[in-house]
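One file, structure-v2.json, is given below (JSON, C-alpha atoms and all ligand atoms).
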```json
[["chain", "number", "residue", "atom", "x", "y", "z"],
["A", 1, "MET", "CA", 18.84, -23.82, -24.64],
["A", 2, "SER", "CA", 21.69, -26.32, -24.57],
["A", 3, "GLY", "CA", 21.82, -26.65, -28.36],
["A", 4, "ARG", "CA", 18.47, -28.38, -28.51],
["A", 5, "ILE", "CA", 16.18, -27.67, -31.45],
["A", 6, "PRO", "CA", 13.24, -25.75, -29.93],
["A", 7, "LEU", "CA", 9.88, -27.51, -30.05],
["A", 8, "ALA", "CA", 6.42, -26.00, -29.74],
["A", 9, "GLY", "CA", 2.94, -27.23, -30.51],
["A", 10, "VAL", "CA", -0.77, -26.96, -29.94],
["A", 11, "VAL", "CA", -2.33, -28.96, -27.13],
["A", 12, "GLY", "CA", -5.99, -29.79, -27.69],
["A", 13, "HIS", "CA", -8.49, -32.64, -27.81],
["A", 14, "PRO", "CA", -9.23, -33.16, -30.62],
["A", 15, "VAL", "CA", -6.50, -31.20, -32.36],
["A", 16, "ALA", "CA", -6.33, -32.52, -35.93],
["A", 17, "HIS", "CA", -8.46, -29.61, -37.22],
["A", 18, "SER", "CA", -6.11, -26.94, -35.83],
["A", 19, "ARG", "CA", -4.55, -24.57, -38.38],
["A", 20, "SER", "CA", -1.76, -23.62, -35.95],
["A", 21, "PRO", "CA", 0.76, -26.23, -37.23],
["A", 22, "ALA", "CA", 0.34, -24.84, -40.79],
["A", 23, "LEU", "CA", 0.69, -21.30, -39.45],
["A", 24, "HIS", "CA", 3.83, -21.75, -37.35],
["A", 25, "GLY", "CA", 5.28, -24.24, -39.83],
["A", 26, "HIS", "CA", 5.02, -21.59, -42.56],
["A", 27, "TRP", "CA", 6.90, -19.06, -40.44],
["A", 28, "LEU", "CA", 9.61, -21.58, -39.44],
["A", 29, "ARG", "CA", 10.24, -22.39, -43.11],
["A", 30, "ARG", "CA", 9.99, -18.78, -44.26],
["A", 31, "TYR", "CA", 12.61, -17.59, -41.77],
["A", 32, "GLY", "CA", 14.75, -20.73, -42.08],
["A", 33, "LEU", "CA", 14.65, -21.33, -38.33],
["A", 34, "ALA", "CA", 15.54, -24.56, -36.59],
["A", 35, "GLY", "CA", 12.41, -25.64, -34.76],
["A", 36, "HIS", "CA", 9.27, -27.74, -35.00],
["A", 37, "TYR", "CA", 5.61, -27.06, -34.21],
["A", 38, "VAL", "CA", 3.37, -30.11, -33.82],
["A", 39, "PRO", "CA", -0.23, -31.01, -32.93],
["A", 40, "LEU", "CA", -0.47, -32.66, -29.51],
["A", 41, "ASP", "CA", -3.69, -34.52, -28.76],
["A", 42, "VAL", "CA", -3.94, -34.61, -24.96],
["A", 43, "ALA", "CA", -7.02, -35.93, -23.16],
["A", 44, "PRO", "CA", -8.25, -33.79, -20.25],
["A", 45, "GLY", "CA", -7.13, -36.32, -17.64],
["A", 46, "ASP", "CA", -3.58, -36.20, -19.00],
["A", 47, "LEU", "CA", -3.16, -32.41, -19.14],
["A", 48, "ALA", "CA", -1.18, -31.99, -15.89],
["A", 49, "GLU", "CA", 1.19, -34.82, -16.80],
["A", 50, "ALA", "CA", 1.68, -33.43, -20.30],
["A", 51, "MET", "CA", 2.43, -29.94, -19.00],
["A", 52, "ALA", "CA", 5.07, -31.33, -16.67],
["A", 53, "ALA", "CA", 6.61, -33.48, -19.40],
["A", 54, "LEU", "CA", 6.72, -31.03, -22.33],
["A", 55, "PRO", "CA", 9.51, -28.75, -21.00],
["A", 56, "ARG", "CA", 11.64, -31.81, -20.20],
["A", 57, "LEU", "CA", 11.18, -33.05, -23.77],
["A", 58, "GLY", "CA", 12.57, -29.84, -25.24],
["A", 59, "PHE", "CA", 9.38, -27.84, -25.68],
["A", 60, "VAL", "CA", 9.83, -24.09, -25.22],
["A", 61, "GLY", "CA", 6.10, -23.50, -25.06],
["A", 62, "CYS", "CA", 2.78, -24.28, -26.70],
["A", 63, "ASN", "CA", -0.63, -23.09, -27.64],
["A", 64, "VAL", "CA", -3.61, -24.51, -25.83],
["A", 65, "THR", "CA", -7.02, -24.94, -27.36],
["A", 66, "ILE", "CA", -10.36, -26.54, -26.56],
["A", 67, "PRO", "CA", -10.93, -28.10, -24.03],
["A", 68, "HIS", "CA", -7.82, -27.01, -22.09],
["A", 69, "LYS", "CA", -7.87, -23.19, -22.24],
["A", 70, "VAL", "CA", -9.42, -22.75, -18.78],
["A", 71, "ALA", "CA", -7.97, -25.78, -16.97],
["A", 72, "VAL", "CA", -4.41, -24.86, -17.87],
["A", 73, "LEU", "CA", -4.55, -21.73, -15.68],
["A", 74, "ASP", "CA", -4.46, -23.93, -12.57],
["A", 75, "LEU", "CA", -1.27, -25.56, -13.81],
["A", 76, "ALA", "CA", 0.56, -22.29, -14.58],
["A", 77, "ASP", "CA", 3.23, -20.76, -12.37],
["A", 78, "THR", "CA", 2.43, -17.26, -13.63],
["A", 79, "VAL", "CA", -0.71, -15.97, -15.35],
["A", 80, "SER", "CA", -0.77, -12.67, -17.25],
["A", 81, "ASP", "CA", -3.32, -10.05, -16.25],
["A", 82, "ARG", "CA", -5.19, -10.43, -19.53],
["A", 83, "ALA", "CA", -5.36, -14.23, -19.27],
["A", 84, "ARG", "CA", -6.64, -13.82, -15.72],
["A", 85, "ALA", "CA", -9.29, -11.31, -16.87],
["A", 86, "ILE", "CA", -10.41, -13.57, -19.72],
["A", 87, "GLY", "CA", -10.27, -16.65, -17.50],
["A", 88, "ALA", "CA", -8.45, -18.69, -20.15],
["A", 89, "ALA", "CA", -5.02, -19.03, -21.75],
["A", 90, "ASN", "CA", -4.03, -19.76, -25.33],
["A", 91, "THR", "CA", -0.25, -19.31, -25.21],
["A", 92, "LEU", "CA", 2.22, -20.87, -22.79],
["A", 93, "VAL", "CA", 5.93, -20.23, -22.43],
["A", 94, "PHE", "CA", 8.12, -22.70, -20.54],
["A", 95, "GLY", "CA", 10.92, -20.64, -19.01],
["A", 96, "PRO", "CA", 13.26, -20.61, -16.03],
["A", 97, "ASP", "CA", 10.37, -19.53, -13.79],
["A", 98, "GLY", "CA", 8.14, -22.37, -14.90],
["A", 99, "LEU", "CA", 5.00, -22.27, -16.95],
["A", 100, "ALA", "CA", 3.84, -18.76, -17.93],
["A", 101, "ALA", "CA", 0.28, -18.54, -19.25],
["A", 102, "ASP", "CA", -0.94, -15.71, -21.47],
["A", 103, "ASN", "CA", -3.92, -15.04, -23.69],
["A", 104, "THR", "CA", -3.19, -13.35, -27.03],
["A", 105, "ASP", "CA", -6.67, -13.73, -28.56],
["A", 106, "GLY", "CA", -7.69, -10.17, -27.75],
["A", 107, "GLU", "CA", -4.41, -8.78, -29.04],
["A", 108, "GLY", "CA", -4.99, -10.73, -32.27],
["A", 109, "PHE", "CA", -8.51, -9.34, -32.50],
["A", 110, "ILE", "CA", -7.39, -5.70, -32.12],
["A", 111, "GLU", "CA", -4.33, -6.06, -34.36],
["A", 112, "ASN", "CA", -6.47, -7.60, -37.13],
["A", 113, "LEU", "CA", -8.75, -4.56, -37.02],
["A", 114, "ARG", "CA", -5.91, -2.04, -36.86],
["A", 115, "ARG", "CA", -4.18, -3.57, -39.88],
["A", 116, "ASN", "CA", -7.26, -4.26, -42.01],
["A", 117, "ALA", "CA", -9.47, -1.30, -41.10],
["A", 118, "PRO", "CA", -6.95, 1.55, -41.01],
["A", 119, "GLY", "CA", -8.10, 4.49, -38.91],
["A", 120, "TRP", "CA", -10.42, 2.38, -36.78],
["A", 121, "SER", "CA", -10.08, 2.98, -33.06],
["A", 122, "ALA", "CA", -11.88, 1.33, -30.15],
["A", 123, "THR", "CA", -12.42, 4.83, -28.74],
["A", 124, "ASP", "CA", -14.53, 5.85, -31.79],
["A", 125, "GLY", "CA", -17.84, 4.81, -30.24],
["A", 126, "PRO", "CA", -19.85, 1.99, -28.75],
["A", 127, "ALA", "CA", -19.04, -1.54, -29.86],
["A", 128, "VAL", "CA", -21.54, -4.36, -30.28],
["A", 129, "VAL", "CA", -20.41, -7.86, -29.41],
["A", 130, "LEU", "CA", -22.72, -10.69, -30.44],
["A", 131, "GLY", "CA", -22.11, -13.70, -28.22],
["A", 132, "ALA", "CA", -20.85, -14.13, -24.66],
["A", 133, "GLY", "CA", -18.74, -17.30, -24.77],
["A", 134, "GLY", "CA", -14.99, -17.75, -24.38],
["A", 135, "ALA", "CA", -14.10, -15.83, -27.53],
["A", 136, "SER", "CA", -16.37, -12.98, -26.50],
["A", 137, "ARG", "CA", -14.56, -12.64, -23.15],
["A", 138, "ALA", "CA", -11.26, -12.15, -24.99],
["A", 139, "VAL", "CA", -12.82, -9.58, -27.35],
["A", 140, "VAL", "CA", -14.53, -7.66, -24.53],
["A", 141, "THR", "CA", -11.34, -7.60, -22.44],
["A", 142, "ALA", "CA", -9.33, -6.26, -25.38],
["A", 143, "LEU", "CA", -11.91, -3.64, -26.37],
["A", 144, "LEU", "CA", -12.09, -2.35, -22.79],
["A", 145, "ALA", "CA", -8.29, -2.17, -22.58],
["A", 146, "ALA", "CA", -8.26, -0.31, -25.91],
["A", 147, "GLY", "CA", -10.67, 2.32, -24.55],
["A", 148, "ALA", "CA", -14.10, 1.38, -25.89],
["A", 149, "PRO", "CA", -16.60, 3.70, -24.19],
["A", 150, "GLU", "CA", -19.41, 1.13, -24.21],
["A", 151, "ILE", "CA", -19.72, -2.53, -25.21],
["A", 152, "ARG", "CA", -23.22, -3.76, -25.98],
["A", 153, "VAL", "CA", -23.37, -7.52, -25.52],
["A", 154, "ALA", "CA", -26.26, -9.60, -26.83],
["A", 155, "ASN", "CA", -26.30, -13.33, -26.26],
["A", 156, "ARG", "CA", -28.89, -16.06, -26.71],
["A", 157, "THR", "CA", -28.35, -17.10, -23.08],
["A", 158, "ALA", "CA", -28.78, -13.82, -21.19],
["A", 159, "ALA", "CA", -27.05, -15.11, -18.04],
["A", 160, "ARG", "CA", -23.71, -15.36, -19.86],
["A", 161, "ALA", "CA", -23.94, -11.74, -21.05],
["A", 162, "GLU", "CA", -24.86, -10.69, -17.50],
["A", 163, "ALA", "CA", -21.82, -12.57, -16.18],
["A", 164, "LEU", "CA", -19.65, -10.50, -18.54],
["A", 165, "ARG", "CA", -21.17, -7.27, -17.25],
["A", 166, "ASP", "CA", -20.70, -8.43, -13.65],
["A", 167, "ALA", "CA", -17.05, -9.26, -14.36],
["A", 168, "PHE", "CA", -16.14, -6.21, -16.43],
["A", 169, "GLY", "CA", -18.36, -3.42, -15.07],
["A", 170, "ALA", "CA", -20.75, -0.79, -16.33],
["A", 171, "ARG", "CA", -19.08, -0.14, -19.68],
["A", 172, "VAL", "CA", -20.57, -3.51, -20.65],
["A", 173, "THR", "CA", -24.32, -3.30, -21.26],
["A", 174, "VAL", "CA", -26.55, -6.34, -21.74],
["A", 175, "HIS", "CA", -29.15, -6.60, -24.50],
["A", 176, "ASP", "CA", -31.82, -9.08, -25.49],
["A", 177, "TRP", "CA", -30.66, -11.51, -28.18],
["A", 178, "ASN", "CA", -33.99, -11.21, -30.01],
["A", 179, "CYS", "CA", -33.42, -7.47, -30.37],
["A", 180, "ALA", "CA", -29.75, -7.69, -31.38],
["A", 181, "GLY", "CA", -30.59, -6.10, -34.74],
["A", 182, "ASP", "CA", -31.76, -2.97, -32.90],
["A", 183, "ILE", "CA", -28.51, -2.19, -31.06],
["A", 184, "VAL", "CA", -26.21, -2.04, -34.09],
["A", 185, "SER", "CA", -26.96, 1.56, -35.06],
["A", 186, "ASP", "CA", -24.61, 4.38, -33.94],
["A", 187, "THR", "CA", -21.66, 2.10, -33.31],
["A", 188, "GLY", "CA", -18.00, 2.06, -34.28],
["A", 189, "LEU", "CA", -17.69, -1.71, -34.36],
["A", 190, "VAL", "CA", -19.86, -4.81, -34.58],
["A", 191, "ALA", "CA", -18.24, -8.18, -33.89],
["A", 192, "ASN", "CA", -19.78, -11.63, -34.25],
["A", 193, "THR", "CA", -18.26, -13.97, -31.68],
["A", 194, "THR", "CA", -21.00, -16.58, -31.94],
["A", 195, "SER", "CA", -20.60, -19.74, -33.96],
["A", 196, "LEU", "CA", -23.57, -18.80, -36.15],
["A", 197, "GLY", "CA", -22.66, -18.93, -39.84],
["A", 198, "MET", "CA", -19.75, -21.31, -39.31],
["A", 199, "THR", "CA", -19.70, -24.30, -41.66],
["A", 200, "GLY", "CA", -21.86, -26.98, -40.02],
["A", 201, "GLN", "CA", -23.54, -24.54, -37.59],
["A", 202, "PRO", "CA", -26.92, -22.79, -37.89],
["A", 203, "PRO", "CA", -27.03, -19.76, -40.20],
["A", 204, "PHE", "CA", -26.39, -16.23, -38.94],
["A", 205, "ASP", "CA", -29.87, -14.75, -38.63],
["A", 206, "VAL", "CA", -29.53, -11.33, -36.98],
["A", 207, "PRO", "CA", -30.83, -8.54, -39.24],
["A", 208, "LEU", "CA", -28.17, -5.91, -39.86],
["A", 209, "ASP", "CA", -30.08, -3.33, -41.90],
["A", 210, "ARG", "CA", -29.81, -0.80, -39.04],
["A", 211, "LEU", "CA", -26.02, -0.99, -39.03],
["A", 212, "SER", "CA", -24.39, 2.43, -39.34],
["A", 213, "PRO", "CA", -22.33, 2.64, -42.55],
["A", 214, "GLY", "CA", -19.40, 4.14, -40.61],
["A", 215, "ALA", "CA", -19.03, 1.04, -38.45],
["A", 216, "VAL", "CA", -16.43, -1.67, -38.96],
["A", 217, "ALA", "CA", -17.84, -5.21, -38.91],
["A", 218, "THR", "CA", -15.75, -8.24, -38.07],
["A", 219, "ASP", "CA", -16.61, -11.93, -37.76],
["A", 220, "LEU", "CA", -14.58, -14.36, -35.68],
["A", 221, "VAL", "CA", -15.87, -17.14, -37.93],
["A", 222, "TYR", "CA", -13.42, -17.83, -40.78],
["A", 223, "THR", "CA", -14.89, -21.02, -42.21],
["A", 224, "PRO", "CA", -16.23, -19.82, -44.58],
["A", 225, "LEU", "CA", -14.05, -16.74, -44.96],
["A", 226, "ASP", "CA", -16.87, -14.61, -46.33],
["A", 227, "THR", "CA", -19.80, -15.13, -43.98],
["A", 228, "THR", "CA", -23.43, -14.02, -44.13],
["A", 229, "PHE", "CA", -22.65, -11.57, -41.31],
["A", 230, "LEU", "CA", -19.89, -9.94, -43.37],
["A", 231, "SER", "CA", -21.91, -9.79, -46.58],
["A", 232, "ARG", "CA", -24.86, -8.23, -44.73],
["A", 233, "ALA", "CA", -22.53, -5.66, -43.18],
["A", 234, "ARG", "CA", -21.07, -4.86, -46.59],
["A", 235, "ALA", "CA", -24.58, -4.43, -47.96],
["A", 236, "ALA", "CA", -25.18, -1.88, -45.17],
["A", 237, "GLY", "CA", -22.13, 0.06, -46.37],
["A", 238, "CYS", "CA", -19.68, -1.02, -43.64],
["A", 239, "ARG", "CA", -16.02, -1.87, -43.88],
["A", 240, "THR", "CA", -15.57, -5.55, -43.06],
["A", 241, "VAL", "CA", -12.67, -7.56, -41.65],
["A", 242, "ASP", "CA", -12.70, -11.35, -41.82],
["A", 243, "GLY", "CA", -11.78, -13.60, -38.92],
["A", 244, "LEU", "CA", -8.71, -15.30, -40.34],
["A", 245, "GLY", "CA", -6.56, -12.30, -39.43],
["A", 246, "MET", "CA", -7.33, -12.72, -35.72],
["A", 247, "LEU", "CA", -6.02, -16.28, -35.88],
["A", 248, "LEU", "CA", -2.85, -15.09, -37.59],
["A", 249, "TYR", "CA", -2.16, -12.12, -35.32],
["A", 250, "GLN", "CA", -2.84, -14.01, -32.07],
["A", 251, "ALA", "CA", 0.01, -16.33, -33.07],
["A", 252, "VAL", "CA", 2.66, -13.61, -33.39],
["A", 253, "PRO", "CA", 3.59, -13.18, -29.69],
["A", 254, "GLY", "CA", 3.91, -16.94, -29.11],
["A", 255, "PHE", "CA", 6.14, -17.49, -32.13],
["A", 256, "GLU", "CA", 8.35, -14.59, -31.07],
["A", 257, "ALA", "CA", 8.65, -15.90, -27.49],
["A", 258, "TRP", "CA", 9.48, -19.47, -28.60],
["A", 259, "PHE", "CA", 11.65, -18.94, -31.67],
["A", 260, "GLY", "CA", 13.13, -15.48, -31.03],
["A", 261, "LEU", "CA", 11.88, -13.62, -34.10],
["A", 262, "ARG", "CA", 8.79, -11.44, -34.53],
["A", 263, "PRO", "CA", 7.10, -12.85, -37.65],
["A", 264, "GLU", "CA", 5.16, -10.97, -40.31],
["A", 265, "VAL", "CA", 1.55, -11.60, -41.24],
["A", 266, "ASP", "CA", 1.12, -11.43, -45.02],
["A", 267, "GLU", "CA", -0.79, -12.89, -47.96],
["A", 268, "ASP", "CA", 1.50, -15.93, -48.22],
["A", 269, "LEU", "CA", 0.69, -16.78, -44.62],
["A", 270, "ARG", "CA", -3.05, -16.38, -45.22],
["A", 271, "ARG", "CA", -2.80, -18.78, -48.15],
["A", 272, "ALA", "CA", -0.80, -21.29, -46.11],
["A", 273, "VAL", "CA", -3.34, -21.26, -43.29],
["A", 274, "LEU", "CA", -6.62, -21.09, -45.22],
["A", 275, "PRO", "CA", -8.51, -24.33, -44.73],
["A", 276, "ALA", "CA", -8.42, -26.39, -47.92],
["B", 301, "LIG", "P1", -16.29, -19.72, -28.04],
["B", 301, "LIG", "O1", -15.20, -20.13, -27.11],
["B", 301, "LIG", "O2", -15.94, -19.88, -29.49],
["B", 301, "LIG", "O3", -16.84, -18.38, -27.72],
["B", 301, "LIG", "P2", -18.60, -20.88, -26.77],
["B", 301, "LIG", "O4", -18.08, -20.47, -25.43],
["B", 301, "LIG", "O5", -19.21, -22.23, -26.93],
["B", 301, "LIG", "O6", -17.44, -20.82, -27.85],
["B", 301, "LIG", "O7", -19.62, -19.76, -27.27],
["B", 301, "LIG", "C1", -20.38, -19.88, -28.44],
["B", 301, "LIG", "C2", -21.23, -18.62, -28.62],
["B", 301, "LIG", "O8", -22.09, -18.80, -29.76],
["B", 301, "LIG", "C3", -22.14, -18.33, -27.43],
["B", 301, "LIG", "O9", -22.33, -16.95, -27.33],
["B", 301, "LIG", "C4", -23.41, -19.04, -27.87],
["B", 301, "LIG", "O10", -24.58, -18.57, -27.23],
["B", 301, "LIG", "P3", -25.06, -19.29, -25.84],
["B", 301, "LIG", "O11", -24.19, -18.69, -24.75],
["B", 301, "LIG", "O12", -26.47, -18.93, -25.72],
["B", 301, "LIG", "O13", -24.83, -20.77, -26.01],
["B", 301, "LIG", "C5", -23.45, -18.68, -29.33],
["B", 301, "LIG", "N1", -24.33, -19.58, -30.08],
["B", 301, "LIG", "C6", -24.09, -20.86, -30.43],
["B", 301, "LIG", "N2", -25.13, -21.36, -31.12],
["B", 301, "LIG", "C7", -26.08, -20.38, -31.18],
["B", 301, "LIG", "C8", -27.39, -20.27, -31.75],
["B", 301, "LIG", "N3", -27.95, -21.31, -32.40],
["B", 301, "LIG", "N4", -28.06, -19.09, -31.63],
["B", 301, "LIG", "C9", -27.49, -18.05, -30.98],
["B", 301, "LIG", "N5", -26.26, -18.09, -30.42],
["B", 301, "LIG", "C10", -25.56, -19.23, -30.51]]
```
I'd like the structure from this file rewritten - as structure tokens, please.
Amino acid sequence: MSGRIPLAGVVGHPVAHSRSPALHGHWLRRYGLAGHYVPLDVAPGDLAEAMAALPRLGFVGCNVTIPHKVAVLDLADTVSDRARAIGAANTLVFGPDGLAADNTDGEGFIENLRRNAPGWSATDGPAVVLGAGGASRAVVTALLAAGAPEIRVANRTAARAEALRDAFGARVTVHDWNCAGDIVSDTGLVANTTSLGMTGQPPFDVPLDRLSPGAVATDLVYTPLDTTFLSRARAAGCRTVDGLGMLLYQAVPGFEAWFGLRPEVDEDLRRAVLPA
């Protein structure tokens, strides 16, 4: 790229809370690479202009976060199948063919489980997904691609769970939110994709005493790192995987595409990214 130092960043609004600059900054320093990764606060009305300007300013790509993950698809020249299925992008690459949009959230979700719950496979049995928002769509897409035989979705707003079933087909089954505690037996995986239990949000209040001890439980919430959901799952005898790993693993493909090196996820990185 014409000797320019490659730039990348995270485009959001607000964006100050994002851990992505700490994450990519750690990797850039660790591997001694020339490059910078910066937070970019872009208001919704300025997104199209920003996307046109960034490549001209030396950006090789960027992450996109709330509120731009859906809107950016309309600005992309190519959209990966998984980003199309999820209906949102989190990783953009600016290349010779323009703006390529991808979504690596589901890959991060699966990789986090594979690394931290060795032996777990999506094909082991039904999965339960609590929640039916944007994060849930990424998780459901990835679990289906990984061969989950059934995905039981329970969401406070039933219509959103039904929309997932309509989009993804009969392997997705819809369950009443008030009975979510009843669908967690005989499963290989239970994932919380709701914001319940996150610092500043209402507490996680789904009973998990019927959870099968053989299941793996994972929470997408990572503030706090050890959530009520995870401690309840541990009490039921399950292996648990916290949500920070998903954030770390979803970042790997972007970093590799922008800076040319596939980075490692390790304890040092976790420490660098953990919210203070
Ligand atoms: P994300 O992109 O992180 O998935 P989202 O699309 O806003 O964010 O989805 C948040 C999820 O948390 C949804 O499943 C939401 O349920 P609704 O679809 O009914 O809104 C769930 N959620 C948030 N607050 C909740 C609460 N108090 N009780 C139950 N579910 C809640």
Exercise for review: Write out as number ranges by chain each polymer residue whose atoms come within 12 Å of segment 17-25 of chain A, counting only C-alpha atoms; drop sequence neighbours fewer than 4 positions from it.
Suggested key: A: 7-13, 29-41, 62-66, 90-91, 222-223, 244-245, 247-256, 258-259, 261-266, 268-276
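For the pair atom CA of Val70 of chain A and atom CA of Ala163 of chain A, the separation is 16.3 Å.
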Practice item. Excluding segment 198-207 of chain A and any residue of its chain fewer than 4 positions from it, enumerate the residues within 8 Å of it, using all atoms listed in the file, and give them as a list in words. Key: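 In the requested form, the answer reads Ala180, Gly181, Val221, Tyr222, Thr223, Pro224, Thr227, Thr228 and Phe229 of chain A.
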Check your understanding: Which residues, protein or nucleic acid, reach to within 6 Å of (-8.7, -6.8, -43.3) in the file's coordinates when using only C-alpha atoms, and can you give that as a VMD selection string?
Key -> chain A and resid 116 to 117 241
Residues of chain A within 6 Å of ligand LIG 301 (chain B): nearest atom pair and distance (Å, one decimal) for each, counting all atoms listed in the file, sorted by chain and number, as a tab-separated table?
```
residue	atom	partner	partner_atom	distance
A:Gly131	CA	B:LIG301	O9	3.4
A:Ala132	CA	B:LIG301	O9	4.2
A:Gly133	CA	B:LIG301	O4	3.3
A:Gly134	CA	B:LIG301	O1	3.6
A:Ala135	CA	B:LIG301	O3	3.7
A:Ser136	CA	B:LIG301	O3	5.6
A:Asn155	CA	B:LIG301	O9	5.5
A:Arg156	CA	B:LIG301	O12	3.9
A:Thr157	CA	B:LIG301	O12	3.7
A:Arg160	CA	B:LIG301	O11	5.9
A:Thr194	CA	B:LIG301	O8	3.3
A:Ser195	CA	B:LIG301	O8	4.6
A:Leu196	CA	B:LIG301	C7	5.8
A:Pro202	CA	B:LIG301	N3	5.8
```
File dump, residues just selected, C-alpha atoms, as a PDB file, keeping the file's coordinate frame:
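Written output follows (out_12.pdb):
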```pdb
ATOM      1  CA  GLY A 131     -22.110 -13.700 -28.220  1.00  0.00           C
ATOM      2  CA  ALA A 132     -20.850 -14.130 -24.660  1.00  0.00           C
ATOM      3  CA  GLY A 133     -18.740 -17.300 -24.770  1.00  0.00           C
ATOM      4  CA  GLY A 134     -14.990 -17.750 -24.380  1.00  0.00           C
ATOM      5  CA  ALA A 135     -14.100 -15.830 -27.530  1.00  0.00           C
ATOM      6  CA  SER A 136     -16.370 -12.980 -26.500  1.00  0.00           C
ATOM      7  CA  ASN A 155     -26.300 -13.330 -26.260  1.00  0.00           C
ATOM      8  CA  ARG A 156     -28.890 -16.060 -26.710  1.00  0.00           C
ATOM      9  CA  THR A 157     -28.350 -17.100 -23.080  1.00  0.00           C
ATOM     10  CA  ARG A 160     -23.710 -15.360 -19.860  1.00  0.00           C
ATOM     11  CA  THR A 194     -21.000 -16.580 -31.940  1.00  0.00           C
ATOM     12  CA  SER A 195     -20.600 -19.740 -33.960  1.00  0.00           C
ATOM     13  CA  LEU A 196     -23.570 -18.800 -36.150  1.00  0.00           C
ATOM     14  CA  PRO A 202     -26.920 -22.790 -37.890  1.00  0.00           C
TER      15      PRO A 202
END
```
**Study point:** All residues 12 Å or closer to Val174 of chain A, all atoms listed in the file, same chain fewer than 3 positions away omitted, as a PyMOL selection string
**Key:** chain A and resi 128-132+150-166+168-171+177+179-180+183
Review point. Any idea what's packed within 10 Å of segment 233-236 of chain A, counting all atoms listed in the file, ignoring anything in its chain fewer than 5 positions away? Could you give it as an NGL selection string?
Key: :A and (190 or 207-218 or 227-228)
Review point. Between A:Asp102, A:Glu107, A:Asp182, A:Asp242, which is the closest to Gly61 of chain A once you count only C-alpha atoms?
Key: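 Among the listed residues, A:Asp102 lies closest to Gly61 of chain A.
One distance worth recording is that between atom CA of Ala167 of chain A and atom CA of Thr104 of chain A, which is 19.2 Å.
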Kindly write segment 141-155 of chain A with N, CA and C atoms to a file, as a CSV table (one decimal), in the first residue's frame.
```
chain,number,residue,atom,x,y,z
A,141,THR,N,-26.8,-18.1,13.7
A,141,THR,CA,-26.3,-18.3,12.4
A,141,THR,C,-25.0,-19.2,12.5
A,142,ALA,N,-24.2,-18.9,13.5
A,142,ALA,CA,-22.9,-19.7,13.6
A,142,ALA,C,-23.3,-21.1,14.1
A,143,LEU,N,-24.2,-21.3,15.0
A,143,LEU,CA,-24.5,-22.6,15.6
A,143,LEU,C,-25.2,-23.5,14.5
A,144,LEU,N,-26.0,-22.9,13.6
A,144,LEU,CA,-26.6,-23.6,12.5
A,144,LEU,C,-25.5,-24.1,11.5
A,145,ALA,N,-24.6,-23.1,11.2
A,145,ALA,CA,-23.5,-23.5,10.3
A,145,ALA,C,-22.6,-24.6,10.9
A,146,ALA,N,-22.5,-24.6,12.2
A,146,ALA,CA,-21.6,-25.6,12.9
A,146,ALA,C,-22.4,-26.9,13.1
A,147,GLY,N,-23.6,-27.0,12.7
A,147,GLY,CA,-24.3,-28.3,12.7
A,147,GLY,C,-25.2,-28.6,13.9
A,148,ALA,N,-25.6,-27.5,14.6
A,148,ALA,CA,-26.5,-27.7,15.8
A,148,ALA,C,-27.8,-28.4,15.3
A,149,PRO,N,-28.3,-29.4,15.9
A,149,PRO,CA,-29.5,-30.1,15.4
A,149,PRO,C,-30.8,-29.3,15.7
A,150,GLU,N,-30.7,-28.6,16.8
A,150,GLU,CA,-31.9,-27.8,17.2
A,150,GLU,C,-31.4,-26.6,18.0
A,151,ILE,N,-32.1,-25.4,17.8
A,151,ILE,CA,-31.7,-24.2,18.6
A,151,ILE,C,-33.0,-23.7,19.2
A,152,ARG,N,-33.1,-23.8,20.5
A,152,ARG,CA,-34.3,-23.4,21.2
A,152,ARG,C,-34.1,-21.9,21.6
A,153,VAL,N,-34.9,-21.0,21.1
A,153,VAL,CA,-34.7,-19.6,21.4
A,153,VAL,C,-35.9,-19.1,22.3
A,154,ALA,N,-35.5,-18.5,23.4
A,154,ALA,CA,-36.5,-17.9,24.2
A,154,ALA,C,-36.2,-16.4,24.3
A,155,ASN,N,-37.2,-15.6,24.1
A,155,ASN,CA,-37.0,-14.1,24.2
A,155,ASN,C,-38.2,-13.4,24.8
```
